[in-house]
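S.K.: I'd like to ask you about the structure that follows.
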Amino acid sequence: MIRKVLLGTCMSLVALAGPVSADSSTKVALVPGGPHPYFTAWEQAGMDAAKDFGLASADYKVPQKWELGAQNQLLESLVTQGYNAFLVFPGDPVGTVGIVDELVGTGAVAMALAGCLRDPSEAVFCMGTDTGNSAYLGTQQLLKSLGGGEGRKIAHFTGFLVDANTKLRIDAVEQAATEAGAEVIQVIADIDAPEPAEEKINAYLAAHADEVDGIITTAWVPAVVAANALRKIGDKRIQMVGIDHDEVLLQAVKDGFVHGTMLQNPYGQGYIGSFAANKLREGCTVKADAPFKSNALTDKFIDSGTVFAGIDDVDDYVTSMQSITKTLFESFESTYLDC
Amino acid sequence: MKRQLNRYLQSDWFGPLLITIAAIALVSWFNPSFLSPFNIQILLLAIAVNAIIAYSQMVIIAIGQMNLSVGAIGGLVAISFSGFMEVWSIPWPVAAFMALSVGLTAGYINGLFVAMTGISAFIITLATLSIYKGLNLGITEATPFYKIPETVKALGNSNFIEPLPWLVLPTIIVTFCLWYLLNRLPVGRFILAVGGNEHAAELSGISVRKTIITAHAISGFLAGLAGIMLVARLQIGQPTIGDDWLILSFAAPVIGGAVLTGGHISVAGTLLGVVIVAIITQVLVLFNVDPFLVQVVLGLLILWAVGLNKLREVRAARSMDELGAGA
């Protein structure tokens, strides 16, 4: 299914990309923080970008584990293999600044993808989901499905605590709940891996299912596990809004166990990021007055987009994802680059 | 009577049993839903898989070594099992058998390298951890296998008698088999003998090499079994299965009285160690501990459990000494 999504997105973008430019010497490495299904869309995005823009290559390179040291070693070895453009999900928003500065020191282009580095850094910009906004909008959707937030009690299941996005998500959910008069009665974090997620989410529901009206999940694995848990206990009273497009989650939306999901745009990040890296290597510069957004980490942030998909949209979520990428790509060069 | 009590006090499982009973009483007093059938089922599911993981390390601790690749083997077997079913449409029992062979082979390779080269198991399994995890990522490209047969999903998520899940059956069988192996069969005694004093074991005619290889093969098999059970429980062949196993795999045997230098382990103690860790993990959720402090509290509670057990052992030994002196 995911392959079909990527293929569909790719086909629509080929038309947008126009004629393939002359062969480039740009070798892009797309490096996530560790193995995670969210980033797998980067692989296809890199391959499509290499084909569409005539790059020497755009390869998806995964560190063996979620560890800053492992990611740094991989990045260093990629420099020696001739890669000259790096699209990196920071293993740590501060800890990764040093290695990114080193990469730029070798003459490479580097940008933060899907997660940001803390300013100042040599990364040209950060492109990713405005995670706080996505969590905020998702919580609003959840409270809407509950008929309003007044007096409602919700639980929040989220990802790795070492990911700076997690704190942004926790704060955003809290803010949206407070504004609507709801209460976040529990936050369970560090469960973006199947075993701890299964154990903790099920334990929570076993003890507190009667006390909670809604669940918001802001990381991939907790969304999948919580969807399965709600299906297992057969409780459609508890409303849930998930994140991303895992098959299990989408099926749970269709079957009515989950109200909807906040789609992100990993394909667009990889595709447009590779395009931008090549342009920057060919001599383009980032516009001085580029309309970057700000978040808690950086003032050079580009939102790769997010959209809510409920039961009516879930069959057509491919179109939703394509639409986000298409909109961003069409105006990217004129908005952010001087060529 | 006093001697009988002292014998219990000296056994490895007695301390963890007392801690377990006290923890269950305390938690259910504060939160009665802790003993609800659904929560018991959730606890048993966690204990069933985690016990196999802990046994996988326990066997290696018995020979005085460490296996850092327990999680990597479990992950490799998990994705092999789900991959065999999804990609090659192999029936699940055959896929399980083939995947367990992968685990057995991975463990055998560990043992072979350790036994033949004489290099520390710590180093060998550190290297094979990387190899097995690399194979896992190379095969899956970090993308899970989703097409798990309904029968497998049902085995991982349904009960044979309320509230006992199917997954506790393999754990019960393995627990009994391991106890029997370590206490009644020559190979089990060889394992403990090699762990206690390798040189003495060799002088008494035990093949140390064969024993090391056997222990690692058993460890690989058990890690693989845990991987398969997790696929059934999670209903997905996740490449990250096994990433979090290392701390638990050491914590439970140590809480259960295992001596890290080898020669002394307890199957019952390890099982109770797993129960204690599972209860601690649940308690942190049930009592809404700040997510940023969960790891700290978990570490402190495990330290407390290990410390309490050690204190009990020291007191029991002292008491036995006094009894001996009195006689």
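Ordered as shown in the structure tokens, chains take letters A, B, and onward, while each chain numbers its residues from 1 and ligands are numbered from 1 in the order shown.
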Please give the complete set of residues from region 176-255 of chain B that DSSP, run on the backbone, assigns to alpha helix (DSSP H), formatted as a ChimeraX atom specification.

M.R.: /B:176-184,186-196,198-203,208-234,245-255

S.K.: Residues of chain B within 8 Å of chain A: nearest atom pair and distance (Å, one decimal) for each, counting only C-alpha atoms, sorted by chain and number, as a tab-separated table?

M.R.:
```
residue	atom	partner	partner_atom	distance
B:Ser33	CA	A:Ala207	CA	5.3
B:Phe34	CA	A:Ala207	CA	6.5
B:Ser36	CA	A:Ala206	CA	7.7
B:Phe38	CA	A:Ala206	CA	5.8
B:Asn39	CA	A:Ala206	CA	5.1
B:Ile42	CA	A:Ala203	CA	6.4
B:Leu43	CA	A:Ala203	CA	7.7
B:Ala46	CA	A:Glu199	CA	6.5
B:Ser130	CA	A:Gln64	CA	7.8
B:Lys133	CA	A:Gln64	CA	7.0
B:Gly134	CA	A:Gln64	CA	6.7
B:Leu137	CA	A:Gln64	CA	7.4
B:Glu141	CA	A:Thr40	CA	7.3
B:Ala142	CA	A:Pro35	CA	5.2
B:Thr143	CA	A:Pro37	CA	5.2
B:Pro144	CA	A:Pro37	CA	7.1
B:Leu230	CA	A:Glu195	CA	7.9
B:Leu234	CA	A:Pro194	CA	7.0
B:Gln238	CA	A:Pro194	CA	7.4
B:Pro239	CA	A:Pro35	CA	7.9
B:Thr240	CA	A:Ala193	CA	6.8
B:Ile241	CA	A:Pro194	CA	7.0
B:Asp244	CA	A:Glu195	CA	8.0
B:Thr281	CA	A:Lys200	CA	7.6
B:Gln282	CA	A:Ala203	CA	6.2
B:Val285	CA	A:Tyr204	CA	6.2
B:Leu286	CA	A:Tyr204	CA	6.3
B:Asn288	CA	A:Gln186	CA	6.3
B:Asp290	CA	A:Val187	CA	7.7
B:Pro291	CA	A:Ala189	CA	5.6
B:Phe292	CA	A:Leu161	CA	7.2
```

S.K.: Can you write just those residues out, N, CA and C atoms, as a PDB file, in the first residue's frame?

M.R.:
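Result went into part28.pdb, see below:
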```pdb
ATOM      1  N   SER B  33      -8.174  -2.040  40.226  1.00  0.00           N
ATOM      2  CA  SER B  33      -8.267  -2.532  38.841  1.00  0.00           C
ATOM      3  C   SER B  33      -7.012  -3.306  38.437  1.00  0.00           C
ATOM      4  N   PHE B  34      -5.971  -3.237  39.280  1.00  0.00           N
ATOM      5  CA  PHE B  34      -4.739  -3.985  38.992  1.00  0.00           C
ATOM      6  C   PHE B  34      -5.017  -5.485  38.891  1.00  0.00           C
ATOM      7  N   SER B  36      -7.899  -6.781  37.930  1.00  0.00           N
ATOM      8  CA  SER B  36      -9.017  -7.067  37.022  1.00  0.00           C
ATOM      9  C   SER B  36      -8.572  -8.128  36.002  1.00  0.00           C
ATOM     10  N   PHE B  38      -8.749  -8.284  32.855  1.00  0.00           N
ATOM     11  CA  PHE B  38      -8.072  -7.731  31.676  1.00  0.00           C
ATOM     12  C   PHE B  38      -6.633  -7.363  32.008  1.00  0.00           C
ATOM     13  N   ASN B  39      -6.449  -6.766  33.202  1.00  0.00           N
ATOM     14  CA  ASN B  39      -5.090  -6.376  33.571  1.00  0.00           C
ATOM     15  C   ASN B  39      -4.222  -7.604  33.841  1.00  0.00           C
ATOM     16  N   ILE B  42      -3.077  -8.750  30.551  1.00  0.00           N
ATOM     17  CA  ILE B  42      -2.011  -7.890  30.022  1.00  0.00           C
ATOM     18  C   ILE B  42      -0.682  -8.202  30.714  1.00  0.00           C
ATOM     19  N   LEU B  43      -0.743  -8.383  32.029  1.00  0.00           N
ATOM     20  CA  LEU B  43       0.478  -8.716  32.785  1.00  0.00           C
ATOM     21  C   LEU B  43       1.057 -10.053  32.331  1.00  0.00           C
ATOM     22  N   ALA B  46       2.840  -9.861  29.007  1.00  0.00           N
ATOM     23  CA  ALA B  46       4.177  -9.262  29.130  1.00  0.00           C
ATOM     24  C   ALA B  46       5.143 -10.257  29.770  1.00  0.00           C
ATOM     25  N   SER B 130      25.688  -6.652  15.778  1.00  0.00           N
ATOM     26  CA  SER B 130      25.709  -5.735  14.635  1.00  0.00           C
ATOM     27  C   SER B 130      25.355  -6.477  13.335  1.00  0.00           C
ATOM     28  N   LYS B 133      21.563  -7.542  13.432  1.00  0.00           N
ATOM     29  CA  LYS B 133      20.704  -6.351  13.288  1.00  0.00           C
ATOM     30  C   LYS B 133      20.821  -5.799  11.862  1.00  0.00           C
ATOM     31  N   GLY B 134      22.056  -5.842  11.342  1.00  0.00           N
ATOM     32  CA  GLY B 134      22.278  -5.370   9.972  1.00  0.00           C
ATOM     33  C   GLY B 134      21.499  -6.204   8.968  1.00  0.00           C
ATOM     34  N   LEU B 137      17.874  -5.165   9.137  1.00  0.00           N
ATOM     35  CA  LEU B 137      17.586  -3.901   8.431  1.00  0.00           C
ATOM     36  C   LEU B 137      17.754  -4.057   6.921  1.00  0.00           C
ATOM     37  N   GLU B 141      14.531  -3.121   5.374  1.00  0.00           N
ATOM     38  CA  GLU B 141      14.696  -1.682   5.125  1.00  0.00           C
ATOM     39  C   GLU B 141      13.825  -0.885   6.099  1.00  0.00           C
ATOM     40  N   ALA B 142      13.779  -1.354   7.330  1.00  0.00           N
ATOM     41  CA  ALA B 142      13.063  -0.708   8.451  1.00  0.00           C
ATOM     42  C   ALA B 142      11.542  -0.686   8.262  1.00  0.00           C
ATOM     43  N   THR B 143      11.052  -1.430   7.257  1.00  0.00           N
ATOM     44  CA  THR B 143       9.606  -1.473   7.049  1.00  0.00           C
ATOM     45  C   THR B 143       9.039  -2.781   7.612  1.00  0.00           C
ATOM     46  N   PRO B 144       8.000  -2.696   8.432  1.00  0.00           N
ATOM     47  CA  PRO B 144       7.450  -3.916   9.032  1.00  0.00           C
ATOM     48  C   PRO B 144       6.781  -4.829   8.000  1.00  0.00           C
ATOM     49  N   LEU B 230       6.444 -12.451  20.061  1.00  0.00           N
ATOM     50  CA  LEU B 230       6.152 -11.014  19.950  1.00  0.00           C
ATOM     51  C   LEU B 230       5.442 -10.669  18.647  1.00  0.00           C
ATOM     52  N   LEU B 234       2.149  -8.637  18.821  1.00  0.00           N
ATOM     53  CA  LEU B 234       2.068  -7.293  18.227  1.00  0.00           C
ATOM     54  C   LEU B 234       1.297  -7.298  16.909  1.00  0.00           C
ATOM     55  N   GLN B 238       7.768  -6.281  13.227  1.00  0.00           N
ATOM     56  CA  GLN B 238       8.491  -5.006  13.347  1.00  0.00           C
ATOM     57  C   GLN B 238       9.997  -5.235  13.381  1.00  0.00           C
ATOM     58  N   PRO B 239      10.759  -4.528  12.538  1.00  0.00           N
ATOM     59  CA  PRO B 239      12.221  -4.699  12.568  1.00  0.00           C
ATOM     60  C   PRO B 239      12.850  -4.261  13.892  1.00  0.00           C
ATOM     61  N   THR B 240      12.146  -3.448  14.676  1.00  0.00           N
ATOM     62  CA  THR B 240      12.739  -2.966  15.933  1.00  0.00           C
ATOM     63  C   THR B 240      12.516  -3.941  17.093  1.00  0.00           C
ATOM     64  N   ILE B 241      11.829  -5.041  16.822  1.00  0.00           N
ATOM     65  CA  ILE B 241      11.661  -6.043  17.883  1.00  0.00           C
ATOM     66  C   ILE B 241      13.050  -6.460  18.387  1.00  0.00           C
ATOM     67  N   ASP B 244      14.978  -3.394  22.705  1.00  0.00           N
ATOM     68  CA  ASP B 244      14.906  -3.003  24.125  1.00  0.00           C
ATOM     69  C   ASP B 244      15.144  -4.162  25.091  1.00  0.00           C
ATOM     70  N   THR B 281       6.908  -1.904  35.831  1.00  0.00           N
ATOM     71  CA  THR B 281       6.569  -1.183  34.594  1.00  0.00           C
ATOM     72  C   THR B 281       5.106  -0.754  34.613  1.00  0.00           C
ATOM     73  N   GLN B 282       4.240  -1.654  35.055  1.00  0.00           N
ATOM     74  CA  GLN B 282       2.808  -1.311  35.104  1.00  0.00           C
ATOM     75  C   GLN B 282       2.516  -0.233  36.136  1.00  0.00           C
ATOM     76  N   VAL B 285       2.867   3.230  34.984  1.00  0.00           N
ATOM     77  CA  VAL B 285       1.751   3.698  34.155  1.00  0.00           C
ATOM     78  C   VAL B 285       0.529   3.963  35.029  1.00  0.00           C
ATOM     79  N   LEU B 286       0.219   3.002  35.906  1.00  0.00           N
ATOM     80  CA  LEU B 286      -1.000   3.115  36.717  1.00  0.00           C
ATOM     81  C   LEU B 286      -0.964   4.340  37.624  1.00  0.00           C
ATOM     82  N   ASN B 288       0.678   7.111  37.005  1.00  0.00           N
ATOM     83  CA  ASN B 288       0.871   8.328  36.218  1.00  0.00           C
ATOM     84  C   ASN B 288       2.171   9.050  36.552  1.00  0.00           C
ATOM     85  N   ASP B 290       5.511  10.971  35.953  1.00  0.00           N
ATOM     86  CA  ASP B 290       5.928  11.926  34.921  1.00  0.00           C
ATOM     87  C   ASP B 290       6.759  11.200  33.860  1.00  0.00           C
ATOM     88  N   PRO B 291       6.375  11.298  32.565  1.00  0.00           N
ATOM     89  CA  PRO B 291       7.093  10.539  31.534  1.00  0.00           C
ATOM     90  C   PRO B 291       8.592  10.824  31.495  1.00  0.00           C
ATOM     91  N   PHE B 292       8.987  12.035  31.876  1.00  0.00           N
ATOM     92  CA  PHE B 292      10.410  12.359  31.835  1.00  0.00           C
ATOM     93  C   PHE B 292      11.170  11.736  33.014  1.00  0.00           C
TER      94      PHE B 292
END
```

S.K.: Just the residues within 6 Å of region 47-53 of chain B, please, counting only C-alpha atoms, with nothing from its chain fewer than 4 positions along; format it as a list in words.

M.R.: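 In the requested format, the answer is Val168, Thr171, Ala223, Ala226, Ser249, Leu271 and Val274 of chain B.
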
S.K.: Take the residues that were just selected and, keeping N, CA and C atoms, output them as a PDB file, in the first residue's frame.

M.R.:
```
ATOM      1  N   VAL B 168       1.065 -17.937  27.331  1.00  0.00           N
ATOM      2  CA  VAL B 168       1.721 -18.433  28.554  1.00  0.00           C
ATOM      3  C   VAL B 168       2.071 -19.918  28.416  1.00  0.00           C
ATOM      4  N   THR B 171       5.635 -20.538  27.473  1.00  0.00           N
ATOM      5  CA  THR B 171       6.491 -20.110  28.590  1.00  0.00           C
ATOM      6  C   THR B 171       6.485 -21.158  29.705  1.00  0.00           C
ATOM      7  N   ALA B 223      15.767 -16.882  22.276  1.00  0.00           N
ATOM      8  CA  ALA B 223      15.596 -15.502  21.783  1.00  0.00           C
ATOM      9  C   ALA B 223      14.666 -15.519  20.564  1.00  0.00           C
ATOM     10  N   ALA B 226      11.074 -16.017  21.601  1.00  0.00           N
ATOM     11  CA  ALA B 226      10.510 -14.757  22.098  1.00  0.00           C
ATOM     12  C   ALA B 226      10.139 -13.840  20.930  1.00  0.00           C
ATOM     13  N   SER B 249      16.889  -8.453  29.987  1.00  0.00           N
ATOM     14  CA  SER B 249      17.464  -9.800  29.948  1.00  0.00           C
ATOM     15  C   SER B 249      18.491 -10.006  31.063  1.00  0.00           C
ATOM     16  N   LEU B 271      12.112 -16.181  36.682  1.00  0.00           N
ATOM     17  CA  LEU B 271      10.701 -15.958  36.344  1.00  0.00           C
ATOM     18  C   LEU B 271      10.102 -14.898  37.274  1.00  0.00           C
ATOM     19  N   VAL B 274      11.242 -11.480  36.363  1.00  0.00           N
ATOM     20  CA  VAL B 274      10.455 -10.944  35.246  1.00  0.00           C
ATOM     21  C   VAL B 274       9.130 -10.374  35.765  1.00  0.00           C
TER      22      VAL B 274
END
```

S.K.: Report, in Å with one decimal, the straight-line distance from CA of Thr298 (chain A) to CA of Ser121 (chain A).

M.R.: 9.1 Å

S.K.: Rank B:Gly220, B:Gly237, B:Gly269, B:Gly64 by their smallest atom-to-atom distance to Ala121 (chain B), using only C-alpha atoms, and report the top residue only.

M.R.: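 Among B:Gly220, B:Gly237, B:Gly269, B:Gly64, it is B:Gly64 that comes nearest to Ala121 (chain B).
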
S.K.: For Val97 (chain A), please output as a PyMOL selection string all residues within 8 Å (counting only C-alpha atoms; exclusion window: fewer than 2 positions along the same chain).

M.R.: chain A and resi 93-95+99-101+117-118+121-122

S.K.: Fewer than 4 positions away in the same chain doesn't count, so skip those; otherwise give me all residues within 10 Å of Glu162 (chain B), counting only C-alpha atoms, as JSON, numbers by chain.

M.R.: {"B": [37, 38, 40, 41, 158]}

S.K.: Counting only C-alpha atoms, what is within 9 Å of Ile280 (chain B), bar same-chain residues fewer than 2 positions away, as a list of chain:residue names?

M.R.: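 Within the cut-off, the hits are B:Ala23, B:Val275, B:Ile276, B:Val277, B:Ala278, B:Gln282, B:Val283, B:Leu284, B:Val285, B:Leu298, B:Leu301, B:Ile302.
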
S.K.: Now that the selection is made, can you save its residues with C-alpha atoms as a PDB file, in the first residue's frame?

M.R.:
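That gives us selection38.pdb:
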```
ATOM      1  CA  ALA B  23       4.023  -5.586  45.402  1.00  0.00           C
ATOM      2  CA  VAL B 275       7.225 -10.662  37.251  1.00  0.00           C
ATOM      3  CA  ILE B 276       8.760  -7.942  39.445  1.00  0.00           C
ATOM      4  CA  VAL B 277       9.973  -5.933  36.431  1.00  0.00           C
ATOM      5  CA  ALA B 278       6.538  -6.292  34.766  1.00  0.00           C
ATOM      6  CA  GLN B 282       2.808  -1.311  35.104  1.00  0.00           C
ATOM      7  CA  VAL B 283       2.960   0.625  38.347  1.00  0.00           C
ATOM      8  CA  LEU B 284       4.680   3.516  36.582  1.00  0.00           C
ATOM      9  CA  VAL B 285       1.751   3.698  34.155  1.00  0.00           C
ATOM     10  CA  LEU B 298      12.324   2.245  36.853  1.00  0.00           C
ATOM     11  CA  LEU B 301      12.985   0.302  41.649  1.00  0.00           C
ATOM     12  CA  ILE B 302      15.061  -2.396  39.948  1.00  0.00           C
TER      13      ILE B 302
END
```

S.K.: To one decimal place in Å, what is the distance between CA of Gly103 (chain B) and CA of Leu76 (chain B)?

M.R.: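 For CA of Gly103 (chain B) relative to CA of Leu76 (chain B), the distance reads 7.8 Å.
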
S.K.: Please run DSSP on the backbone and report, as a list in words, all residues within region 149-215 of chain B that come out as strand (DSSP E or B).

M.R.: Asn159, Phe160, Ile161, Leu164 and Pro165 of chain B

S.K.: Take the residues from that selection and put them in a file with C-alpha atoms, as an mmCIF file, in the first residue's frame.

M.R.:
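The file below, selection_13.cif, is the result:
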```cif
data_model
loop_
_atom_site.group_PDB
_atom_site.id
_atom_site.type_symbol
_atom_site.label_atom_id
_atom_site.label_comp_id
_atom_site.auth_asym_id
_atom_site.auth_seq_id
_atom_site.Cartn_x
_atom_site.Cartn_y
_atom_site.Cartn_z
ATOM 1 C CA ASN B 159 -7.049 -16.652 25.964
ATOM 2 C CA PHE B 160 -7.397 -20.393 26.284
ATOM 3 C CA ILE B 161 -9.037 -19.973 29.693
ATOM 4 C CA LEU B 164 -4.881 -16.954 30.708
ATOM 5 C CA PRO B 165 -3.526 -16.111 27.237
#
```
